[in-house]
file input-v9.cif (mmCIF, C-alpha atoms)
data_work
loop_
_atom_site.label_atom_id
_atom_site.label_comp_id
_atom_site.auth_asym_id
_atom_site.auth_seq_id
_atom_site.Cartn_x
_atom_site.Cartn_y
_atom_site.Cartn_z
CA MET A 114 -81.87 104.04 -74.90
CA LYS A 115 -80.25 101.21 -76.88
CA HIS A 116 -82.51 98.42 -78.05
CA ILE A 117 -81.43 95.04 -79.44
CA ILE A 118 -83.96 93.79 -81.95
CA SER A 119 -84.06 90.36 -83.56
CA VAL A 120 -86.06 90.16 -86.78
CA LEU A 121 -86.77 86.86 -88.53
CA VAL A 122 -87.35 87.42 -92.24
CA GLU A 123 -87.74 85.41 -95.39
CA ASN A 124 -84.31 84.85 -96.93
CA LYS A 125 -84.95 86.86 -100.09
CA SER A 126 -83.12 89.67 -101.86
CA GLY A 127 -84.12 93.20 -100.89
CA VAL A 128 -85.51 92.34 -97.45
CA LEU A 129 -82.53 93.81 -95.57
CA ALA A 130 -82.81 97.04 -97.58
CA LYS A 131 -86.50 97.33 -96.69
CA VAL A 132 -85.82 96.81 -92.97
CA ALA A 133 -82.89 99.25 -92.89
CA GLY A 134 -84.86 101.75 -94.96
CA LEU A 135 -87.68 101.74 -92.44
CA PHE A 136 -85.25 102.87 -89.71
CA SER A 137 -83.63 105.42 -92.01
CA ARG A 138 -86.93 107.00 -93.05
CA ARG A 139 -87.76 107.60 -89.40
CA GLY A 140 -84.36 109.16 -88.69
CA PHE A 141 -82.98 106.39 -86.47
CA ASN A 142 -79.37 105.38 -86.70
CA ILE A 143 -78.68 101.66 -86.69
CA GLU A 144 -75.58 101.32 -84.48
CA SER A 145 -75.00 97.67 -85.27
CA LEU A 146 -76.41 95.33 -87.90
CA ALA A 147 -75.77 91.64 -88.50
CA VAL A 148 -77.67 89.31 -90.79
CA GLY A 149 -77.36 85.66 -91.69
CA PRO A 150 -79.31 82.50 -92.31
CA THR A 151 -80.87 80.55 -89.44
CA GLU A 152 -81.18 76.79 -88.99
CA ASP A 153 -83.83 77.02 -91.74
CA ILE A 154 -82.13 78.24 -94.95
CA ALA A 155 -85.37 79.92 -96.06
CA ILE A 156 -85.22 82.26 -93.02
CA SER A 157 -82.61 84.86 -92.04
CA ARG A 158 -82.13 86.61 -88.71
CA ILE A 159 -81.39 90.32 -88.63
CA THR A 160 -79.95 91.49 -85.32
CA LEU A 161 -79.77 95.24 -84.97
CA VAL A 162 -79.00 97.73 -82.26
CA ALA A 163 -80.71 101.10 -82.40
CA ASP A 164 -80.78 104.06 -80.04
CA ALA A 165 -84.39 105.20 -79.68
CA GLU A 166 -87.13 105.88 -77.17
CA GLU A 167 -89.42 103.01 -76.15
CA HIS A 168 -92.46 104.41 -77.97
CA SER A 169 -90.40 104.85 -81.15
CA ILE A 170 -89.28 101.22 -81.06
CA GLU A 171 -92.92 100.17 -80.65
CA GLN A 172 -93.87 102.21 -83.73
CA ILE A 173 -91.01 100.76 -85.76
CA THR A 174 -92.00 97.24 -84.69
CA LYS A 175 -95.55 97.85 -85.92
CA GLN A 176 -94.21 99.15 -89.22
CA LEU A 177 -91.84 96.18 -89.58
CA TYR A 178 -94.73 93.75 -89.17
CA LYS A 179 -96.37 95.43 -92.17
CA LEU A 180 -93.47 94.33 -94.38
CA ILE A 181 -94.55 91.16 -96.15
CA ASN A 182 -91.24 89.30 -95.65
CA VAL A 183 -91.07 89.82 -91.87
CA ILE A 184 -91.94 86.69 -89.88
CA LYS A 185 -91.21 87.58 -86.24
CA ILE A 186 -89.78 90.51 -84.28
CA GLN A 187 -88.41 90.29 -80.77
CA GLU A 188 -86.78 92.94 -78.63
CA LEU A 189 -84.06 91.16 -76.69
CA ASP A 190 -83.61 91.74 -72.97
CA PRO A 191 -79.89 92.43 -72.34
CA ALA A 192 -80.16 90.61 -68.99
CA ASN A 193 -81.33 87.40 -70.67
CA ILE A 194 -79.12 87.03 -73.77
CA VAL A 195 -75.74 85.83 -74.88
CA GLU A 196 -74.21 88.41 -77.19
CA ARG A 197 -71.02 88.40 -79.24
CA GLU A 198 -69.10 90.50 -81.72
CA LEU A 199 -66.17 89.56 -83.92
CA LEU A 200 -63.14 91.78 -84.48
CA LEU A 201 -60.29 91.29 -86.94
CA ILE A 202 -57.48 93.72 -86.24
CA LYS A 203 -54.16 94.07 -88.06
CA VAL A 204 -51.39 95.67 -86.01
CA SER A 205 -47.79 96.60 -86.63
CA ALA A 206 -45.54 94.02 -85.03
CA ASP A 207 -41.78 93.88 -85.31
CA SER A 208 -39.43 91.51 -83.49
CA ARG A 209 -39.33 93.89 -80.51
CA THR A 210 -43.11 94.27 -80.03
CA ARG A 211 -44.29 90.79 -81.07
CA PRO A 212 -43.83 89.13 -77.64
CA GLU A 213 -45.85 91.83 -75.87
CA ILE A 214 -48.65 91.62 -78.46
CA LEU A 215 -48.72 87.82 -78.19
CA GLU A 216 -49.05 88.11 -74.40
CA ILE A 217 -52.01 90.50 -74.73
CA VAL A 218 -53.62 88.17 -77.29
CA SER A 219 -53.20 85.24 -74.91
CA ILE A 220 -54.74 87.09 -71.97
CA PHE A 221 -57.84 87.89 -74.05
CA ARG A 222 -58.04 84.34 -75.44
CA ALA A 223 -57.90 85.80 -78.92
CA ASN A 224 -56.26 84.14 -81.93
CA ILE A 225 -53.50 85.10 -84.32
CA VAL A 226 -54.98 84.39 -87.76
CA ASP A 227 -52.24 85.84 -89.98
CA VAL A 228 -48.56 86.60 -89.52
CA GLY A 229 -46.63 88.95 -91.78
CA LYS A 230 -43.06 90.19 -91.60
CA LYS A 231 -44.18 93.41 -89.91
CA THR A 232 -47.80 92.65 -88.97
CA LEU A 233 -50.06 90.39 -86.95
CA MET A 234 -53.76 89.89 -87.59
CA ILE A 235 -55.77 89.05 -84.50
CA GLU A 236 -59.27 87.63 -84.19
CA ILE A 237 -61.36 88.03 -81.05
CA THR A 238 -64.97 87.25 -80.23
CA GLY A 239 -66.74 88.51 -77.16
CA ASN A 240 -69.05 91.12 -75.79
CA ASN A 241 -68.61 94.78 -76.66
CA SER A 242 -66.46 95.66 -73.64
CA LYS A 243 -64.02 92.76 -74.18
CA VAL A 244 -63.59 93.59 -77.87
CA ARG A 245 -63.13 97.30 -77.11
CA ALA A 246 -60.61 96.57 -74.32
CA LEU A 247 -58.40 94.55 -76.67
CA GLU A 248 -58.65 97.26 -79.31
CA ASP A 249 -57.58 99.90 -76.75
CA LEU A 250 -54.57 97.84 -75.65
CA LEU A 251 -53.42 97.31 -79.24
CA LYS A 252 -53.68 100.99 -80.29
CA PRO A 253 -50.17 101.91 -79.08
CA PHE A 254 -48.66 99.29 -81.44
CA GLY A 255 -50.30 100.89 -84.47
CA ILE A 256 -53.59 99.64 -85.84
CA LEU A 257 -53.27 99.22 -89.61
CA GLU A 258 -56.71 97.82 -90.31
CA LEU A 259 -59.78 97.00 -88.25
CA VAL A 260 -62.97 95.14 -89.19
CA ARG A 261 -65.76 94.59 -86.69
CA THR A 262 -69.05 92.77 -87.05
CA GLY A 263 -72.29 93.94 -85.58
CA LYS A 264 -73.66 92.42 -82.43
CA ILE A 265 -75.30 89.02 -82.65
CA ALA A 266 -77.42 87.77 -79.78
CA CYS A 267 -79.55 84.82 -78.73
CA THR A 268 -81.86 84.49 -75.75
CA ARG A 269 -80.80 82.16 -72.96
CA GLY A 270 -82.65 78.96 -72.16
CA SER A 271 -84.98 76.86 -74.23
CA LYS A 272 -86.28 78.05 -77.59
CA ALA A 273 -89.57 79.94 -77.38
#

call {"tool": "encode", "arguments": {"input": "input-v9.cif", "output": "structure tokens"}}
result
Amino acid sequence: MKHIISVLVENKSGVLAKVAGLFSRRGFNIESLAVGPTEDIAISRITLVADAEEHSIEQITKQLYKLINVIKIQELDPANIVERELLLIKVSADSRTRPEILEIVSIFRANIVDVGKKTLMIEITGNNSKVRALEDLLKPFGILELVRTGKIACTRGSKA
């Protein structure tokens, strides 16, 4: 089962390596990982997605709390969050295919962020299925490069 875990940590070097290492040592693959500062520059938020059994996630959470730089851990409920990913995708685009690509981009409310003689670079943010759907529609044009962030998520409603 996939679990979305939000970990607030002190914004210090080496903390991300310690958190990722804890998962690695226990043989869990981190499917998605995003980290960045919060509203307090001394604190960073690590959002990760891991595929593990419930009891394994509980054990990892206990181990994470033992790390000195960990402040708070929260497993996020997929029914009560807003989640996003970012995708930058460079596709082949000549004068014949450009109009069709631009139409697809418009439908997905994505943005063209770079235009080359034979390429377009597109930026999209959204949930996993939206990002994947755009990627699938652009494959026939020839994907030259693709960069995708990990999932970021925030709980709905007022701050707890």

call {"tool": "resolve_selection", "arguments": {"input": "input-v9.cif", "expression": "the PyMOL selection byres ((chain A and resi 247-252) around 12)", "output": "PyMOL selection string"}}
result
chain A and resi 199-206+210-211+213-224+233-246+253-261

call {"tool": "atom_distance", "arguments": {"input": "input-v9.cif", "atom1": "atom CA of A:His116", "atom2": "atom CA of A:Ile170"}}
result
7.9 Å

call {"tool": "closest_residue", "arguments": {"input": "input-v9.cif", "among": "A:His168, A:Lys230, A:Lys175, A:Arg158", "to": "A:Val122", "atoms": "all atoms listed in the file"}}
result
A:Arg158

call {"tool": "residues_around", "arguments": {"input": "input-v9.cif", "residues": "A:Lys264", "least_positions_apart": "2", "cutoff": "12 Å", "atoms": "only C-alpha atoms", "output": "PyMOL selection string"}}
result
chain A and resi 116-119+143-148+159-163+189+191+194-200+238-242+244+261-262+266-267

call {"tool": "closest_residue", "arguments": {"input": "input-v9.cif", "among": "A:Ala192, A:Met114, A:Val183, A:Thr232", "to": "A:Asp207", "atoms": "all atoms listed in the file"}}
result
A:Thr232

call {"tool": "atom_distance", "arguments": {"input": "input-v9.cif", "atom1": "atom CA of A:Lys125", "atom2": "atom CA of A:Gln187"}}
result
19.9 Å

call {"tool": "atom_distance", "arguments": {"input": "input-v9.cif", "atom1": "atom CA of A:Leu180", "atom2": "atom CA of A:Asn124"}}
result
13.4 Å

call {"tool": "residues_near_point", "arguments": {"input": "input-v9.cif", "point": "(-86.4, 100.6, -92.5)", "cutoff": "12 Å", "atoms": "all atoms listed in the file", "output": "VMD selection string"}}
result
chain A and resid 120 127 to 143 161 163 170 172 to 180 183

call {"tool": "closest_residue", "arguments": {"input": "input-v9.cif", "among": "A:Val226, A:Lys115, A:Lys231, A:Asn182", "to": "A:Ser169", "atoms": "all atoms listed in the file"}}
result
A:Lys115

call {"tool": "closest_residue", "arguments": {"input": "input-v9.cif", "among": "A:Glu171, A:Glu123, A:Arg269, A:Asp190", "to": "A:Ala155", "atoms": "all atoms listed in the file"}}
result
A:Glu123

call {"tool": "build_atoms", "arguments": {"input": "input-v9.cif", "residues": "stretch 146-168 of chain A", "atoms": "N, CA and C atoms", "output": "PDB file, in the frame of the given file"}}
result
ATOM      1  N   LEU A 146     -75.526  96.119 -87.060  1.00  0.00           N
ATOM      2  CA  LEU A 146     -76.410  95.330 -87.900  1.00  0.00           C
ATOM      3  C   LEU A 146     -75.688  94.061 -88.318  1.00  0.00           C
ATOM      4  N   ALA A 147     -76.314  92.930 -88.072  1.00  0.00           N
ATOM      5  CA  ALA A 147     -75.770  91.640 -88.500  1.00  0.00           C
ATOM      6  C   ALA A 147     -76.907  90.817 -89.073  1.00  0.00           C
ATOM      7  N   VAL A 148     -76.630  90.129 -90.157  1.00  0.00           N
ATOM      8  CA  VAL A 148     -77.670  89.310 -90.790  1.00  0.00           C
ATOM      9  C   VAL A 148     -77.056  88.025 -91.308  1.00  0.00           C
ATOM     10  N   GLY A 149     -77.813  86.955 -91.182  1.00  0.00           N
ATOM     11  CA  GLY A 149     -77.360  85.660 -91.690  1.00  0.00           C
ATOM     12  C   GLY A 149     -78.471  84.651 -91.609  1.00  0.00           C
ATOM     13  N   PRO A 150     -78.280  83.538 -92.322  1.00  0.00           N
ATOM     14  CA  PRO A 150     -79.310  82.500 -92.310  1.00  0.00           C
ATOM     15  C   PRO A 150     -79.446  81.840 -90.947  1.00  0.00           C
ATOM     16  N   THR A 151     -80.617  81.280 -90.687  1.00  0.00           N
ATOM     17  CA  THR A 151     -80.870  80.550 -89.440  1.00  0.00           C
ATOM     18  C   THR A 151     -80.727  79.058 -89.715  1.00  0.00           C
ATOM     19  N   GLU A 152     -81.208  78.238 -88.794  1.00  0.00           N
ATOM     20  CA  GLU A 152     -81.180  76.790 -88.990  1.00  0.00           C
ATOM     21  C   GLU A 152     -82.053  76.366 -90.173  1.00  0.00           C
ATOM     22  N   ASP A 153     -82.989  77.225 -90.557  1.00  0.00           N
ATOM     23  CA  ASP A 153     -83.830  77.020 -91.740  1.00  0.00           C
ATOM     24  C   ASP A 153     -83.306  77.946 -92.835  1.00  0.00           C
ATOM     25  N   ILE A 154     -82.769  77.402 -93.923  1.00  0.00           N
ATOM     26  CA  ILE A 154     -82.130  78.240 -94.950  1.00  0.00           C
ATOM     27  C   ILE A 154     -83.097  79.211 -95.632  1.00  0.00           C
ATOM     28  N   ALA A 155     -84.385  79.017 -95.464  1.00  0.00           N
ATOM     29  CA  ALA A 155     -85.370  79.920 -96.060  1.00  0.00           C
ATOM     30  C   ALA A 155     -85.598  81.157 -95.184  1.00  0.00           C
ATOM     31  N   ILE A 156     -85.008  81.170 -93.974  1.00  0.00           N
ATOM     32  CA  ILE A 156     -85.220  82.260 -93.020  1.00  0.00           C
ATOM     33  C   ILE A 156     -83.873  82.844 -92.600  1.00  0.00           C
ATOM     34  N   SER A 157     -83.799  84.166 -92.543  1.00  0.00           N
ATOM     35  CA  SER A 157     -82.610  84.860 -92.040  1.00  0.00           C
ATOM     36  C   SER A 157     -82.968  85.602 -90.762  1.00  0.00           C
ATOM     37  N   ARG A 158     -81.954  85.822 -89.930  1.00  0.00           N
ATOM     38  CA  ARG A 158     -82.130  86.610 -88.710  1.00  0.00           C
ATOM     39  C   ARG A 158     -81.346  87.904 -88.869  1.00  0.00           C
ATOM     40  N   ILE A 159     -82.030  89.006 -88.663  1.00  0.00           N
ATOM     41  CA  ILE A 159     -81.390  90.320 -88.630  1.00  0.00           C
ATOM     42  C   ILE A 159     -81.324  90.726 -87.170  1.00  0.00           C
ATOM     43  N   THR A 160     -80.119  90.984 -86.693  1.00  0.00           N
ATOM     44  CA  THR A 160     -79.950  91.490 -85.320  1.00  0.00           C
ATOM     45  C   THR A 160     -79.449  92.908 -85.452  1.00  0.00           C
ATOM     46  N   LEU A 161     -80.207  93.842 -84.889  1.00  0.00           N
ATOM     47  CA  LEU A 161     -79.770  95.240 -84.970  1.00  0.00           C
ATOM     48  C   LEU A 161     -79.873  95.923 -83.627  1.00  0.00           C
ATOM     49  N   VAL A 162     -79.012  96.899 -83.470  1.00  0.00           N
ATOM     50  CA  VAL A 162     -79.000  97.730 -82.260  1.00  0.00           C
ATOM     51  C   VAL A 162     -79.298  99.149 -82.701  1.00  0.00           C
ATOM     52  N   ALA A 163     -80.309  99.734 -82.079  1.00  0.00           N
ATOM     53  CA  ALA A 163     -80.710 101.100 -82.400  1.00  0.00           C
ATOM     54  C   ALA A 163     -80.901 101.884 -81.115  1.00  0.00           C
ATOM     55  N   ASP A 164     -80.604 103.158 -81.180  1.00  0.00           N
ATOM     56  CA  ASP A 164     -80.780 104.060 -80.040  1.00  0.00           C
ATOM     57  C   ASP A 164     -82.058 104.849 -80.273  1.00  0.00           C
ATOM     58  N   ALA A 165     -83.091 104.540 -79.498  1.00  0.00           N
ATOM     59  CA  ALA A 165     -84.390 105.200 -79.680  1.00  0.00           C
ATOM     60  C   ALA A 165     -85.198 105.087 -78.390  1.00  0.00           C
ATOM     61  N   GLU A 166     -86.199 105.934 -78.291  1.00  0.00           N
ATOM     62  CA  GLU A 166     -87.130 105.880 -77.170  1.00  0.00           C
ATOM     63  C   GLU A 166     -88.021 104.644 -77.299  1.00  0.00           C
ATOM     64  N   GLU A 167     -88.574 104.209 -76.176  1.00  0.00           N
ATOM     65  CA  GLU A 167     -89.420 103.010 -76.150  1.00  0.00           C
ATOM     66  C   GLU A 167     -90.604 103.119 -77.108  1.00  0.00           C
ATOM     67  N   HIS A 168     -91.284 104.264 -77.096  1.00  0.00           N
ATOM     68  CA  HIS A 168     -92.460 104.410 -77.970  1.00  0.00           C
ATOM     69  C   HIS A 168     -92.058 104.391 -79.446  1.00  0.00           C
TER      70      HIS A 168
END
